[in-house]
Each structure stands twice: as C-alpha cells, then as structure tokens.
There are 2 protein chains.
Amino acid sequence: MELWGGIEAGGTKFVCAVGSGPDDIRAEVRFPTSKPSEAIPEAIAFFRSQAAAEGPLAAIGVSCFGPIDPDPRSPTYGYVTTTPKPHWAHTNFVGALKAALGLPVGFDSDVNGAALGEHRWGAAQGLDTFVYLTVGTGLGGGGMVNGKLIHGLMHSEMGHMRVPHDLHEDPYGGWCTYHGDCWEGLTCGPAIEGRWSTSARDLPPNHPAWALEAKYLALGIVNIITVLSPQRIIMGGGVMDQAHLFPQIRSEVVRLLNGYIQRPQIQEDIDLYIVPPGLGNRAGVVGAIALAQDALTEAQRV
Amino acid sequence: MELWGGIEAGGTKFVCAVGSGPDDIRAEVRFPTSKPSEAIPEAIAFFRSQAAAEGPLAAIGVSCFGPIDPDPRSPTYGYVTTTPKPHWAHTNFVGALKAALGLPVGFDSDVNGAALGEHRWGAAQGLDTFVYLTVGTGLGGGGMVNGKLIHGLMHSEMGHMRVPHDLHEDPYGGWCTYHGDCWEGLTCGPAIEGRWSTSARDLPPNHPAWALEAKYLALGIVNIITVLSPQRIIMGGGVMDQAHLFPQIRSEVVRLLNGYIQRPQIQEDIDLYIVPPGLGNRAGVVGAIALAQDALTEAQRV
C-alpha cells in the first residue's frame with residue numbers, strides 16, 4: 001500500500017500528514033505558518049522521519065493558501081505569488097520540496113485540494129461539477145467543473161466577488177484590504193468580529209450576527225449557482241462550525257433564487273445541496289493526499 | 001462536405017441557417033419566435049427545402065433561449081422548461097425536430113451555443129476556460145471550463161447573479177420579473193430604457209447611462225472572474241454594439257480587482273481579455289452549427 005505525504009498549508013498553520021488514505025493516516029503534525037525558511041524545512045523533516053519509520057513516500061501534495069501559481073507551464077509554477085502574508089510572497093514552495101525530497105509534488109489552492117479530497121472520499125463523490133467553500137479567517141472557494149479542478153487563468157478567488165451590501169442595515173465597511181466589502185470582507189471570521197466587536201465564537205446562535213452572515217453567504221452562493229451551475233456546494237471552515245448557519249443559508253438561497261432555477265436539487269432537496277464536508281475538518285489535509293496521488297499519476301503519465 | 005442546420009432560437013426571433021461552416025452559409029432565414037406550433041414547423045420547413053436544394057443535412061443544432069434542459073439523461077431533455085415566455089414553457093423542442101427530420105439534434109443554451117462557435121472559429125480558439133456573455137433584451141452567460149461547455153446542475157444563468165446596487169445613485173428598481181435588480185435586471189436593454197425612459201439605441205455615447213452600465217457590467221464580470229477564472233470574456237448582444245462600452249468596462253474591471261488577480265492577461269492585456277465575439281453577431285447561429293457537428297460526433301460515438 002503506497003504512502004503519501006500531504007501538507008495543508010493554511011494562512012495560520014501547516015497540517016502535515018502521512019498515510020495511505022483518509023482512513024489510514026499514520027502521523028500528523030501541526031505548526032505555525034511562520035516563514036518559508038522555517039515552515040517548509042519543518043515539513044520536510046517530518047516527511048523524512050516518517051519515511052524512515054513507515055517506508056518511502058510515493059509523492060507529496062500541497063493544498064496551499066494563495067494566491068498561488070498552479071500552472072505547470074508557467075515559469076513560476078509551484079510558487080506562492082502575491083500574498084500579503086509577510087515573508088511568503090514569491091516563494092518557490094514546490095521547488096523546495098522537490099529539491100529536498102526528490103518526489104513528485106502536487107500543488108493547488110487550499111480549496112481546490114479540499115475539493116479533490118471531497119470528490120474522492122467525501123461529499124462530492126460521483127459529481128462532476130461542484131464547489132467547495134471554506135469560511136474562516138478568510139473565505140475561499142474552489143471546485144470542479146466537468147470532472148476537473150477549476151484553473152483557467154489561475155484559480156478561483158471566490159471570496160473576492162462583490163455582493164449587495166446595504167450600508168444602512170450594516171454600516172460595517174468590510175475586512176478585505178484589497179476590496180473592503182467584497183464577499184470575504186463581509187463574511188469571514190475577522191469581519192464578524194470587526195462588525196460586532198465580539199469573536200464569532202462568543203456570539204450566541206440567536207444573535208442577529210448570524211442572520212446577517214447567512215444572508216451574505218447566501219448572496220454569494222446564488223452568484224456561484226448562476227455562474228457555474230454546481231451540482232452541490234460544500235461549506236467548511238471555522239465559521240461553518242456554527243451548524244445553525246446551514247438551515248438559514250439554505251432557506252435564504254431558495255428565497256433569493258425565487259423559483260428561477262427549477263431543479264429538484266434546489267427546490268426539494270436543498271438540505272442535500274448545501275452541505276458540510278464529508279471529511280469534516282480533515283478535508284484540507286486529506287485533500288493534499290489526493291493531490292499527491294494525482295501528482296504520481298501525472299508523473300507516470302509524462 | 002457535410003451540411004449542417006443551425007437554429008438560433010432567441011426570445012424574439014429565430015435565425016435558421018444551413019451551411020458547412022461559418023464561411024459557407026448557404027441560406028439563412030429569420031422569423032419571430034411566435035409560438036412553438038408555428039416557429040418549430042417553420043424551421044422544419046426551411047431545413048426540408050434546403051435539403052431538397054443543397055443535399056441532405058448531417059445534423060441540426062439548436063442554441064436556445066431558456067431555461068432549458070440540456071441533460072441527455074433527463075426525461076425532459078431537449079425541452080424549453082420554465083420560461084415565462086407565453087406558449088413556450090415545457091416545449092419538447094428536440095423531440096419535435098427529431099420526429100420531423102430524423103437527424104441527430106444538438107441542443108444547448110443560446111450562450112453555450114455561441115460559446116462553442118467562438119471556441120471553434122472565433123475569439124476563444126485554443127482556450128479551455130472562457131465565458132461568453134450576451135447583453136441585449138436580457139443578459140445571458142455561458143462558456144467552457146476545462147474544455148467543455150458548462151452544464152453541472154443545468155446551465156449557467158449568469159444574468160441572475162446579484163451585484164451591488166446603490167439605490168441613492170440609481171433608484172431604478174430593475175427589470176427582472178424574478179429578482180428585480182439582479183445583474184440582468186440592472187443592465188439589459190429594457191432596463192436601460194426603463195431607467196432613462198429612452199431606448200438604449202437613442203442614448204448618445206456621452207450620456208451618463210453608459211458609465212453606469214459599464215459599472216454594473218464590470219461588477220458582474222469581476223464575479224465571473226473570481227468564481228471561474230476564465231482565460232477570456234467575450235461580450236456580444238445588442239447593447240454591446242455600443243463599442244464605447246468596452247474600454248469603460250475594461251478599466252472598471254481593473255479598478256475593481258485592485259491588483260488582486262496578478263495575471264498579465266488582466267493587468268497588461270485587458271484589451272485582449274474582454275473582447276467582442278470573433279464571429280460578430282453571427283456567433284449565435286454559427287454556434288448552433290457547431291452544436292450540430294458535435295451532435296453527429298456524439299451520435300456516431302454512442
């Protein structure tokens with residue numbers, strides 16, 4: 001049974017795991033996303049020690065915070081590109097891993113990685129067109145269309161779409177340093193805290209924060225539905241640990257669409273259409289293992 | 001050389017053509033989209049007379065106003081489904097054509113058809129992920145991701161996304177009967193006329209209508225870019241005949257993105273990123289011919 005290494009490289013922490021699949025994770029470590037010269041060697045050391053203990057790894061996968069360059073034809077393939085995160089802009093992440101480990105490396109956005117994991121083992125099995133959203137310290141979205149991860153020009157940056165914002169109802173100007181009140185700027189965890197001066201974690205379920213949060217999340221979901229017509233939308237991340245958000249979001253999406261998209265998946269089975277990750281909060285690192293599997297397949301094909 | 005039949009079935013008129021490709025259209029007719037019992041037989045009669053004159057047709061393609069059911073596995077495949085257009089809801093369009101002509105029939109949304117035509121012969125050649133928008137009596141969007149037309153749950157309905165609408169700057173409530181001020185409701189030709197009490201055609205290029213129109217169109221384009229990361233966006237339709245809109249839209253898209261998507265296609269070459277159709281106003285009917293070609297390929301494959 002082949003062993004894979006996965007890195008969920010988030011904006012605040014790295015989660016590294018080694019295993020043969022989601023039900024056989026042999027080891028896992030977490031450490032801060034300090035700077036590349038510390039975090040990347042720490043990940044490499046973990047994989048080396050695991051290979052020594054468990055046997056050689058077949059490939060490594062990285063689900064990475066962004067923006068990144070996932071285009072294998074590009075000279076900056078495998079880089080974290082223009083992130084505002086200190087020390088990380090223009091970091092050759094894949095190059096560092098390949099040089100140290102000599103293995104195929106799969107590399108994609110954090111949300112595309114999670115989407116691939118959900119497709120292989122979670123809530124998107126058997127679908128060809130779906131979206132994976134994470135709402136936490138930011139809001140990211142990725143997914144598949146026609147059975148392949150969305151890349152096109154680069155990768156999705158769904159958090160930065162614009163949605164209606166009634167400044168009389170909600171005078172909060174938004175959290176995004178680039179766009180103010182874009183979708184992420186209105187909905188991510190820091191935006192909730194900025195608006196209500198209380199951590200999202202400490203807001204009770206009946207607080208008006210949540211109806212407003214559900215409304216904004218539904219507006220963006222409606223835009224995703226109208227643009228790429230997904231067969232399902234999976235929502236993870238720290239904010240979505242507030243499970244009471246799901247029914248509020250679902251009913252708001254149905255209300256906003258107002259019967260225009262007449263598909264039973266939306267009109268009758270919305271509870272199965274907007275769902276939490278099948279892999280729970282392991283979607284990220286398990287998705288990185290799925291990226292590793294595909295990297296080996298690709299390396300063998302070339 | 002094989003001959004194909006194409007129907008661009010728009011909300012107001014049918015355009016039917018017979019030819020071997022975009023540079024060899026043998027005949028074309030236009031007539032109103034009256035009701036199915038009149039328009040569909042008129043199209044059938046045209047194809048029969050053309051087959052008698054030019055030789056047998058290999059297949060028919062239909063680029064159709066919607067919503068439609070383009071899923072071959074569905075019991076209502078080939079239907080116009082829930083359109084508010086009188087007489088047309090729940091019309092078995094493909095069934096009627098197949099029964100009368102005995103040919104393979106390709107069927108997709110008007111904008112997916114046009115997108116396929118642009119991919120084969122127009123402004124999207126060589127791309128795998130792009131969007132085709134038409135702004136006219138409505139606003140529709142379709143396109144390809146990963147080299148195939150977008151379907152997923154159904155097909156895109158991009159006109160019905162929600163965008164920011166400042167009611168102080170623009171108190172017009174929107175044209176859409178389902179959603180009021182959705183993207184289409186704010187930008188389509190009838191919305192321009194409803195807002196300014198003047199036909200879009202009669203508004204001079206320096207009228208403030210156009211800066212507002214460019215702003216709304218740019219907001220939706222930003223949402224499309226963030227959701228599906230297209231390599232190019234093609235804009236056709238009657239409203240886009242106002243060529244002065246293109247530079248206004250491009251600069252507004254760049255302004256709204258604010259440097260977040262650092263790709264040369266957007267930051268340096270926006271003039272090649274947001275473009276008119278390579279096939280001009282023939283994208284619709286030529287796209288229908290491309291759908292016919294694919295229908296024959298599919299029929300031979302099965």
# chains A, B, ... in the order shown; residues from 1 in each chain; ligands from 1
>>> select_by_dssp(residues="range 28-264 of chain B", states="helix (DSSP H, G or I)", output="count of residues only")
98
>>> residues_around(residues="Gly136 in chain A", least_positions_apart="5", cutoff="6 Å", atoms="only C-alpha atoms", output="list in words")
Cys188, Gly189, Gly237, Gly238 and Val239 of chain A
>>> write_last_selection(atoms="N, CA and C atoms", output="tab-separated table (two decimals), in the first residue's frame")
chain	number	residue	atom	x	y	z
A	188	CYS	N	-16.04	36.79	6.56
A	188	CYS	CA	-15.03	35.94	7.21
A	188	CYS	C	-15.05	36.17	8.73
A	189	GLY	N	-14.43	35.28	9.46
A	189	GLY	CA	-14.41	35.39	10.92
A	189	GLY	C	-13.97	36.76	11.42
A	237	GLY	N	-14.84	25.15	7.14
A	237	GLY	CA	-14.14	26.27	7.77
A	237	GLY	C	-14.72	26.59	9.14
A	238	GLY	N	-13.94	27.33	9.91
A	238	GLY	CA	-14.29	27.60	11.31
A	238	GLY	C	-15.65	28.25	11.49
A	239	VAL	N	-16.01	29.20	10.64
A	239	VAL	CA	-17.30	29.87	10.80
A	239	VAL	C	-18.44	28.87	10.61
>>> interface_residues(of="chain B", to="chain A", cutoff="7 Å", atoms="only C-alpha atoms", output="PyMOL selection string")
chain B and resi 128-129+145-146+148+150-158+160-165+178+219+222-224+226-231+258+260
>>> residues_around(residues="range 29-41 of chain B", least_positions_apart="3", cutoff="8 Å", atoms="only C-alpha atoms", output="PDB file with N, CA, C and O atoms, in the first residue's frame")
ATOM      1  N   ALA B   9     -32.391  30.077 -31.538  1.00  0.00           N
ATOM      2  CA  ALA B   9     -33.748  30.333 -31.056  1.00  0.00           C
ATOM      3  C   ALA B   9     -33.677  31.371 -29.954  1.00  0.00           C
ATOM      4  O   ALA B   9     -33.378  31.056 -28.802  1.00  0.00           O
ATOM      5  N   GLY B  10     -33.889  32.606 -30.303  1.00  0.00           N
ATOM      6  CA  GLY B  10     -33.844  33.688 -29.329  1.00  0.00           C
ATOM      7  C   GLY B  10     -35.229  33.995 -28.793  1.00  0.00           C
ATOM      8  O   GLY B  10     -36.233  33.488 -29.308  1.00  0.00           O
ATOM      9  N   GLY B  11     -35.290  34.829 -27.810  1.00  0.00           N
ATOM     10  CA  GLY B  11     -36.572  35.167 -27.202  1.00  0.00           C
ATOM     11  C   GLY B  11     -37.490  35.929 -28.132  1.00  0.00           C
ATOM     12  O   GLY B  11     -38.710  35.875 -27.982  1.00  0.00           O
ATOM     13  N   THR B  12     -36.931  36.637 -29.101  1.00  0.00           N
ATOM     14  CA  THR B  12     -37.791  37.392 -30.010  1.00  0.00           C
ATOM     15  C   THR B  12     -37.788  36.853 -31.436  1.00  0.00           C
ATOM     16  O   THR B  12     -38.789  36.941 -32.121  1.00  0.00           O
ATOM     17  N   LYS B  13     -36.644  36.288 -31.875  1.00  0.00           N
ATOM     18  CA  LYS B  13     -36.643  35.763 -33.251  1.00  0.00           C
ATOM     19  C   LYS B  13     -35.841  34.476 -33.362  1.00  0.00           C
ATOM     20  O   LYS B  13     -34.960  34.187 -32.558  1.00  0.00           O
ATOM     21  N   PHE B  14     -36.215  33.691 -34.356  1.00  0.00           N
ATOM     22  CA  PHE B  14     -35.444  32.530 -34.780  1.00  0.00           C
ATOM     23  C   PHE B  14     -34.548  32.947 -35.943  1.00  0.00           C
ATOM     24  O   PHE B  14     -35.007  33.651 -36.850  1.00  0.00           O
ATOM     25  N   VAL B  15     -33.300  32.514 -35.903  1.00  0.00           N
ATOM     26  CA  VAL B  15     -32.447  32.596 -37.083  1.00  0.00           C
ATOM     27  C   VAL B  15     -32.076  31.162 -37.434  1.00  0.00           C
ATOM     28  O   VAL B  15     -31.521  30.437 -36.599  1.00  0.00           O
ATOM     29  N   CYS B  16     -32.420  30.730 -38.638  1.00  0.00           N
ATOM     30  CA  CYS B  16     -32.091  29.368 -39.092  1.00  0.00           C
ATOM     31  C   CYS B  16     -31.111  29.471 -40.245  1.00  0.00           C
ATOM     32  O   CYS B  16     -31.272  30.327 -41.119  1.00  0.00           O
ATOM     33  N   ALA B  17     -30.117  28.616 -40.248  1.00  0.00           N
ATOM     34  CA  ALA B  17     -29.125  28.651 -41.320  1.00  0.00           C
ATOM     35  C   ALA B  17     -28.722  27.233 -41.697  1.00  0.00           C
ATOM     36  O   ALA B  17     -28.810  26.307 -40.891  1.00  0.00           O
ATOM     37  N   ILE B  44     -38.560  23.638 -39.502  1.00  0.00           N
ATOM     38  CA  ILE B  44     -38.513  22.316 -40.155  1.00  0.00           C
ATOM     39  C   ILE B  44     -38.703  22.464 -41.664  1.00  0.00           C
ATOM     40  O   ILE B  44     -37.967  21.856 -42.466  1.00  0.00           O
ATOM     41  N   ALA B  45     -39.656  23.308 -42.059  1.00  0.00           N
ATOM     42  CA  ALA B  45     -39.910  23.507 -43.492  1.00  0.00           C
ATOM     43  C   ALA B  45     -38.688  24.090 -44.187  1.00  0.00           C
ATOM     44  O   ALA B  45     -38.330  23.684 -45.301  1.00  0.00           O
ATOM     45  N   PHE B  46     -38.010  25.015 -43.494  1.00  0.00           N
ATOM     46  CA  PHE B  46     -36.795  25.605 -44.063  1.00  0.00           C
ATOM     47  C   PHE B  46     -35.722  24.540 -44.278  1.00  0.00           C
ATOM     48  O   PHE B  46     -35.109  24.452 -45.356  1.00  0.00           O
ATOM     49  N   PRO B  86     -44.724  33.372 -23.161  1.00  0.00           N
ATOM     50  CA  PRO B  86     -46.014  32.724 -23.442  1.00  0.00           C
ATOM     51  C   PRO B  86     -45.884  31.583 -24.456  1.00  0.00           C
ATOM     52  O   PRO B  86     -45.130  31.702 -25.433  1.00  0.00           O
ATOM     53  N   HIS B  87     -46.591  30.509 -24.207  1.00  0.00           N
ATOM     54  CA  HIS B  87     -46.697  29.323 -25.069  1.00  0.00           C
ATOM     55  C   HIS B  87     -45.484  28.393 -25.014  1.00  0.00           C
ATOM     56  O   HIS B  87     -45.574  27.249 -25.433  1.00  0.00           O
ATOM     57  N   TRP B  88     -44.328  28.876 -24.539  1.00  0.00           N
ATOM     58  CA  TRP B  88     -43.108  28.092 -24.708  1.00  0.00           C
ATOM     59  C   TRP B  88     -42.740  27.217 -23.512  1.00  0.00           C
ATOM     60  O   TRP B  88     -41.869  26.344 -23.643  1.00  0.00           O
ATOM     61  N   THR B  91     -41.883  22.921 -23.603  1.00  0.00           N
ATOM     62  CA  THR B  91     -41.944  22.574 -25.026  1.00  0.00           C
ATOM     63  C   THR B  91     -40.839  21.588 -25.382  1.00  0.00           C
ATOM     64  O   THR B  91     -39.664  21.861 -25.144  1.00  0.00           O
ATOM     65  N   PHE B  93     -38.701  20.670 -27.713  1.00  0.00           N
ATOM     66  CA  PHE B  93     -38.130  21.245 -28.935  1.00  0.00           C
ATOM     67  C   PHE B  93     -37.350  20.170 -29.707  1.00  0.00           C
ATOM     68  O   PHE B  93     -37.583  19.931 -30.903  1.00  0.00           O
ATOM     69  N   ALA B  96     -39.545  17.408 -31.262  1.00  0.00           N
ATOM     70  CA  ALA B  96     -40.267  17.822 -32.473  1.00  0.00           C
ATOM     71  C   ALA B  96     -39.350  17.793 -33.691  1.00  0.00           C
ATOM     72  O   ALA B  96     -39.743  17.345 -34.779  1.00  0.00           O
ATOM     73  N   LEU B  97     -38.119  18.253 -33.523  1.00  0.00           N
ATOM     74  CA  LEU B  97     -37.178  18.273 -34.653  1.00  0.00           C
ATOM     75  C   LEU B  97     -36.791  16.860 -35.073  1.00  0.00           C
ATOM     76  O   LEU B  97     -36.724  16.531 -36.258  1.00  0.00           O
TER      77      LEU B  97
END
>>> closest_residue(among="A:Met235, A:Ala100, A:Arg195, A:Asp269", to="Asn281 in chain A", atoms="only C-alpha atoms")
A:Met235
>>> select_by_dssp(residues="range 50-231 of chain B", states="strand (DSSP E)", output="VMD selection string")
chain B and resid 57 to 64 79 to 80 91 to 92 105 to 109 130 to 135 139 to 145 148 to 149
>>> residues_around(residues="range 204-217 of chain A", least_positions_apart="3", cutoff="7 Å", atoms="only C-alpha atoms", output="CSV table (one decimal) with all heavy atoms, in the first residue's frame")
chain,number,residue,atom,x,y,z
A,187,THR,N,-17.9,38.6,5.4
A,187,THR,CA,-18.4,37.3,6.0
A,187,THR,C,-17.3,36.5,6.8
A,187,THR,O,-17.7,35.6,7.6
A,187,THR,CB,-18.9,36.3,4.9
A,187,THR,OG1,-17.8,36.1,4.0
A,187,THR,CG2,-20.1,36.9,4.2
A,220,GLY,N,-23.7,35.2,-2.1
A,220,GLY,CA,-22.5,34.7,-2.8
A,220,GLY,C,-22.8,33.3,-3.4
A,220,GLY,O,-22.4,33.0,-4.6
A,221,ILE,N,-23.5,32.5,-2.7
A,221,ILE,CA,-23.9,31.2,-3.2
A,221,ILE,C,-24.8,31.3,-4.4
A,221,ILE,O,-24.6,30.6,-5.4
A,221,ILE,CB,-24.5,30.3,-2.1
A,221,ILE,CG1,-23.4,30.0,-1.1
A,221,ILE,CG2,-25.2,29.1,-2.6
A,221,ILE,CD1,-23.9,29.4,0.2
A,245,LEU,N,-26.0,27.8,11.1
A,245,LEU,CA,-26.0,28.6,9.8
A,245,LEU,C,-26.6,27.8,8.6
A,245,LEU,O,-27.1,28.5,7.7
A,245,LEU,CB,-24.5,29.0,9.5
A,245,LEU,CG,-24.0,30.2,10.2
A,245,LEU,CD1,-22.5,30.4,9.8
A,245,LEU,CD2,-24.7,31.5,9.7
A,248,GLN,N,-30.3,28.3,7.8
A,248,GLN,CA,-30.5,29.7,7.5
A,248,GLN,C,-30.0,30.1,6.1
A,248,GLN,O,-30.7,30.7,5.3
A,248,GLN,CB,-29.8,30.7,8.5
A,248,GLN,CG,-30.3,30.6,9.9
A,248,GLN,CD,-29.6,31.6,10.9
A,248,GLN,OE1,-29.9,32.8,10.8
A,248,GLN,NE2,-28.8,31.1,11.7
A,249,ILE,N,-28.8,29.5,5.8
A,249,ILE,CA,-28.3,29.8,4.4
A,249,ILE,C,-29.2,29.1,3.4
A,249,ILE,O,-29.5,29.7,2.3
A,249,ILE,CB,-26.8,29.3,4.3
A,249,ILE,CG1,-25.9,30.1,5.2
A,249,ILE,CG2,-26.4,29.2,2.9
A,249,ILE,CD1,-24.5,29.4,5.4
A,252,GLU,N,-32.4,31.0,2.8
A,252,GLU,CA,-32.1,32.3,2.1
A,252,GLU,C,-31.8,32.1,0.6
A,252,GLU,O,-32.2,32.9,-0.2
A,252,GLU,CB,-31.0,33.0,2.9
A,252,GLU,CG,-30.7,34.4,2.4
A,252,GLU,CD,-31.8,35.4,2.7
A,252,GLU,OE1,-32.8,35.1,3.3
A,252,GLU,OE2,-31.7,36.6,2.1
>>> atom_distance(atom1="CA of Gln293 in chain A", atom2="CA of Gly138 in chain A")
27.4 Å
>>> closest_residue(among="A:Leu116, A:Val18, A:Ala53, A:Ile7", to="Phe65 in chain A", atoms="only C-alpha atoms")
A:Ile7
>>> atom_distance(atom1="CA of Leu139 in chain A", atom2="CA of Arg73 in chain A")
27.7 Å
>>> residues_around(residues="Leu296 in chain A", least_positions_apart="6", cutoff="9 Å", atoms="only C-alpha atoms", output="list in words")
Ala58, Ala59, Ile60, Leu103, Pro104, Val105 and Gly106 of chain A
>>> write_last_selection(atoms="all heavy atoms", output="compact mmCIF listing (two decimals), in the first residue's frame")
# COMPACT_ATOMS: atom_id res chain seq x y z
N ALA A 58 5.34 7.95 -1.79
CA ALA A 58 5.23 7.90 -3.26
C ALA A 58 5.18 9.30 -3.87
O ALA A 58 5.63 9.50 -4.99
CB ALA A 58 3.99 7.11 -3.66
N ALA A 59 4.63 10.25 -3.14
CA ALA A 59 4.51 11.62 -3.65
C ALA A 59 4.03 12.51 -2.51
O ALA A 59 3.57 12.03 -1.47
CB ALA A 59 3.55 11.71 -4.83
N ILE A 60 4.15 13.82 -2.74
CA ILE A 60 3.69 14.83 -1.77
C ILE A 60 2.62 15.68 -2.43
O ILE A 60 2.71 15.99 -3.62
CB ILE A 60 4.87 15.75 -1.36
CG1 ILE A 60 6.06 14.95 -0.82
CG2 ILE A 60 4.41 16.82 -0.36
CD1 ILE A 60 5.83 14.32 0.53
N LEU A 103 10.67 13.84 -4.86
CA LEU A 103 9.40 13.15 -5.15
C LEU A 103 8.51 14.02 -6.04
O LEU A 103 8.66 15.25 -6.06
CB LEU A 103 8.64 12.89 -3.83
CG LEU A 103 9.28 11.93 -2.84
CD1 LEU A 103 8.51 11.96 -1.53
CD2 LEU A 103 9.30 10.52 -3.42
N PRO A 104 7.56 13.39 -6.75
CA PRO A 104 6.53 14.20 -7.42
C PRO A 104 5.77 15.02 -6.37
O PRO A 104 5.51 14.53 -5.26
CB PRO A 104 5.60 13.16 -8.06
CG PRO A 104 6.40 11.90 -8.12
CD PRO A 104 7.35 11.95 -6.96
N VAL A 105 5.43 16.26 -6.73
CA VAL A 105 4.70 17.13 -5.81
C VAL A 105 3.45 17.67 -6.51
O VAL A 105 3.55 18.27 -7.58
CB VAL A 105 5.58 18.32 -5.33
CG1 VAL A 105 4.77 19.25 -4.42
CG2 VAL A 105 6.81 17.82 -4.60
N GLY A 106 2.29 17.43 -5.93
CA GLY A 106 1.05 18.04 -6.41
C GLY A 106 0.82 19.34 -5.67
O GLY A 106 1.14 19.45 -4.49
>>> atom_distance(atom1="CA of Gly185 in chain B", atom2="CA of Tyr273 in chain A")
26.4 Å
